[in-house]
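Novice: Mind having a look at this structure? Questions to follow.
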Amino acid sequence: MRVALAGGGTAGHIEPALSLADALRRIDPNTQIVCLGTERGLETRLVPLRGYELGEIPAVPLPRKLTPKLLSVPGKLAGAVSAACEHLDRIQAEVLVGFGGYVATPGYLAARRRRIPIVIHEANPLPGLANRLGARLTPHVYTGHPHTEIRNGRYIGIPLREQISRLDRLSMGDKARAFFGLRPDLPTLLIFGGSQGAQAVNQAAFDCAEAFSAAGVQVLHVVGPKNAEEPKDLTRDGVPYVAVPYVDRMDMAYAAADMAMCRSGALTCAELTAVGLPATFVPLPIGNGEQRLNAEPIVEAGGGLMVPNAELTPQWIQQNLIPLLTDTDRIVSMSEAAAKMGRRDADEALAREVMAVARGGAAPETPIDDDFEDDNGYVDDGKDTQ
């Protein structure tokens, strides 16, 4: 089977695409895969690192406002579609799977031009423009959030790395804590803010270092590569507080923790529920409120807390989070609730849907809209939702 994946720009688009690629290769090791991407996105590093071919196409960001830059979009888009067509022709693609972002729209239009069936995955509760347009070209649309409203959408979950989806957090706990220099006998809080960190989360946590120590709560704090160059040991009175710039083994970080404090991007929420790790979610306070919508079902089910970014203070942490971390029974209950919200098999479920579409040779005949005007006026700017 020959598959083209379109999901570049941000980790929220790239990681699910690569997890799908891994699942396709597990099912059929002979599957040929090309990942469409630009020369400036994270895909330039992540795709080759995972062993897949990157097919570069020009980036076509859409301005969020009516500006003269809009005049250049049609020409740039035409060039990107032509470049995408070349990659589809080169591997004789049998199906294109899009995940949204800058790369997806040229991919969808190229696949339509070549009469190649299209599969779409939308991770967020509020679909981006690229996927809303693409959903008018295919009946094969899958969502990562149960309440996403998109044409032809069907809930399937978010494809996750096998390293995460198959993690047994409890059996790995002691090994994971030793890996990070943590004690095996203390409640553990994992703090992180996405791939680049989150300054408001970082500062509130650092301001509580003494309170964590006094309560006997140890901390693994991933501050982000822009916020620290080397690991720091802020241990006090024998209670570890380990601050690191970056963690490339998030499975170990999840296994070491009893609870997380983090942003609530779609991929983060999917990973935490898959491994059954409860969290205090601090939604990113920009955009259309996507991160709040990601976390709401988990919180309502009892698998986490949520606090607005502006209300995350050292006082809030001391009054709400620290007492929770020292309440073992409640942590166990929240872990079970979080796990019930997770889906570990979305990668293979989506892979089998893609294979079925490819075997059919073409998408079923359905009405297709040629009018690409977006009724809500929303423009997908490609910002990371992690």
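Identifiers in the structure tokens: chain A, B, ... in order shown; residue index from 1 per chain; ligand index from 1 in order shown.
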Which residues come within 9 Å of A:Thr148, counting only C-alpha atoms, excluding same-chain residues fewer than 5 positions away, as a PyMOL selection string?
Specialist: chain A and resi 122-127+143+153-155
Novice: Tell me, as a PyMOL selection string, which residues lie within 12 Å of A:Ser213, counting only C-alpha atoms; anything in the same chain fewer than 2 positions away does not count.
Specialist: chain A and resi 186-189+205-211+215-219+234-242+318+322
Novice: Give me the residues near A:Ala198 as an MDAnalysis selection string, where near means some atom within 12 Å (using only C-alpha atoms) and where sequence neighbours in that chain fewer than 2 positions away do not count.
Specialist: chainID A and resid 191:196 200:205 221:227 245 261:264 282:285 309 386
Novice: Find the spatial neighbours of A:Ala17, counting only C-alpha atoms, within a cut-off of 8 Å - ignore same-chain residues fewer than 6 positions away - and output them as a PyMOL selection string.
Specialist: chain A and resi 5-7+99+159
Novice: Determine which residues of stretch 73-106 of chain A receive a DSSP assignment of strand (DSSP E or B), computed from the backbone, and state them as a list in words.
Specialist: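 Everything in stretch 73-106 of chain A that counts as strand (DSSP E or B) is Val95, Leu96, Val97 and Gly98 of chain A.
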Novice: So that I can see what lies close to A:Val95, please list as a list in words the residues with an atom at most 10 Å from it, counting only C-alpha atoms and leaving out residues fewer than 2 positions away in the same chain.
Specialist: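 So, after excluding close chain neighbours, the residues are Met1, Arg2, Val3, Ala4, Leu5, Leu88, Gln92, Ala93, Val97, Gly98, Ala111, Arg115, Ile116, Pro117, Ile118, Val119, Val354, Met355, Val357, Ala358, Arg359, Gly360, Gly361, Ala362 and Ala363 of chain A.
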Novice: Restricted to C-alpha atoms, what would the selected residues look like written as an mmCIF file, in the first residue's frame?
Specialist:
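That gives us part-v8.cif:
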```
data_model
loop_
_atom_site.group_PDB
_atom_site.id
_atom_site.type_symbol
_atom_site.label_atom_id
_atom_site.label_comp_id
_atom_site.auth_asym_id
_atom_site.auth_seq_id
_atom_site.Cartn_x
_atom_site.Cartn_y
_atom_site.Cartn_z
ATOM 1 C CA MET A 1 0.000 0.000 0.000
ATOM 2 C CA ARG A 2 1.169 3.541 -0.785
ATOM 3 C CA VAL A 3 0.071 6.332 1.543
ATOM 4 C CA ALA A 4 0.612 10.089 1.649
ATOM 5 C CA LEU A 5 0.219 11.853 5.001
ATOM 6 C CA LEU A 88 1.514 11.739 -4.991
ATOM 7 C CA GLN A 92 1.583 6.416 -6.931
ATOM 8 C CA ALA A 93 -0.334 7.111 -3.734
ATOM 9 C CA VAL A 97 -4.600 11.136 5.008
ATOM 10 C CA GLY A 98 -4.731 14.726 6.267
ATOM 11 C CA ALA A 111 -5.603 14.304 -4.023
ATOM 12 C CA ARG A 115 -8.855 11.335 -7.906
ATOM 13 C CA ILE A 116 -7.146 9.751 -4.899
ATOM 14 C CA PRO A 117 -9.415 8.989 -1.914
ATOM 15 C CA ILE A 118 -9.032 11.274 1.100
ATOM 16 C CA VAL A 119 -9.171 10.437 4.805
ATOM 17 C CA VAL A 354 -7.270 3.979 5.918
ATOM 18 C CA MET A 355 -6.422 0.542 4.550
ATOM 19 C CA VAL A 357 -10.424 3.126 1.937
ATOM 20 C CA ALA A 358 -7.254 2.420 -0.053
ATOM 21 C CA ARG A 359 -8.452 -1.081 -0.942
ATOM 22 C CA GLY A 360 -11.687 0.398 -2.244
ATOM 23 C CA GLY A 361 -9.703 2.346 -4.789
ATOM 24 C CA ALA A 362 -11.856 5.477 -4.444
ATOM 25 C CA ALA A 363 -14.089 7.154 -1.920
#
```
Novice: Counting only C-alpha atoms, which residue out of A:Gly265, A:Leu54, A:Gln199, A:Leu190 sits closest to A:Val247?
Specialist: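 For A:Val247, the nearest of the candidates is A:Leu190.
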Novice: When you draw a straight line from atom CA of A:Ala310 to atom CA of A:Leu325, how long is it in Å?
Specialist: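 One can read the atom CA of A:Ala310 to atom CA of A:Leu325 distance as 22.0 Å.
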Novice: Which is closest to A:Arg50 among A:Ser19, A:Gln32, A:Ser333, A:Gln163, if we use only C-alpha atoms?
Specialist: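 Ranking A:Ser19, A:Gln32, A:Ser333, A:Gln163 by distance to A:Arg50, first place goes to A:Ser19.
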Novice: Compare A:Gly181, A:Gly37, A:Gly75, A:Pro146 by their minimum atom-to-atom distance to A:Ala104, counting only C-alpha atoms, and give me the closest one.
Specialist: A:Gly37
Novice: Report as a list of chain:residue names all protein, DNA and RNA residues lying within 7 Å of A:Gly41, evaluated on only C-alpha atoms, omitting residues in the same chain fewer than 3 positions from it.
Specialist: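 Listing them by chain and then by number gives A:Gly8, A:Gly9, A:Thr10, A:Thr38, A:Thr44.
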Novice: If you run DSSP over the backbone, which residues in stretch 74-197 of chain A end up alpha helix (DSSP H)? Put them as a PyMOL selection string.
Specialist: chain A and resi 74-91+104-113+129-134+162-165+169-179
Novice: Here is a test: counting only C-alpha atoms, which residue of A:Leu133, A:Ala214, A:Ala270, A:Ala255 is nearest to A:Asp168?
Specialist: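 With only C-alpha atoms as the atom set, the closest residue is A:Ala255.
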Novice: With distances taken over only C-alpha atoms, which residue among A:Ile14, A:Met306, A:Ile27, A:Leu267 lies nearest A:Tyr52?
Specialist: A:Ile14
Novice: With a distance cut-off of 6 Å and only C-alpha atoms, select the neighbouring residues of stretch 55-60 of chain A, excluding the residue or stretch itself and same-chain residues fewer than 5 positions from it, and output the selection as JSON, numbers by chain.
Specialist: {"A": [35, 36, 37, 38, 80, 83, 102]}
Novice: Which distance in Å separates atom CA of A:Ala339 and atom CA of A:Thr273, to one decimal?
Specialist: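 Straight-line distance from atom CA of A:Ala339 to atom CA of A:Thr273 works out to 5.0 Å.
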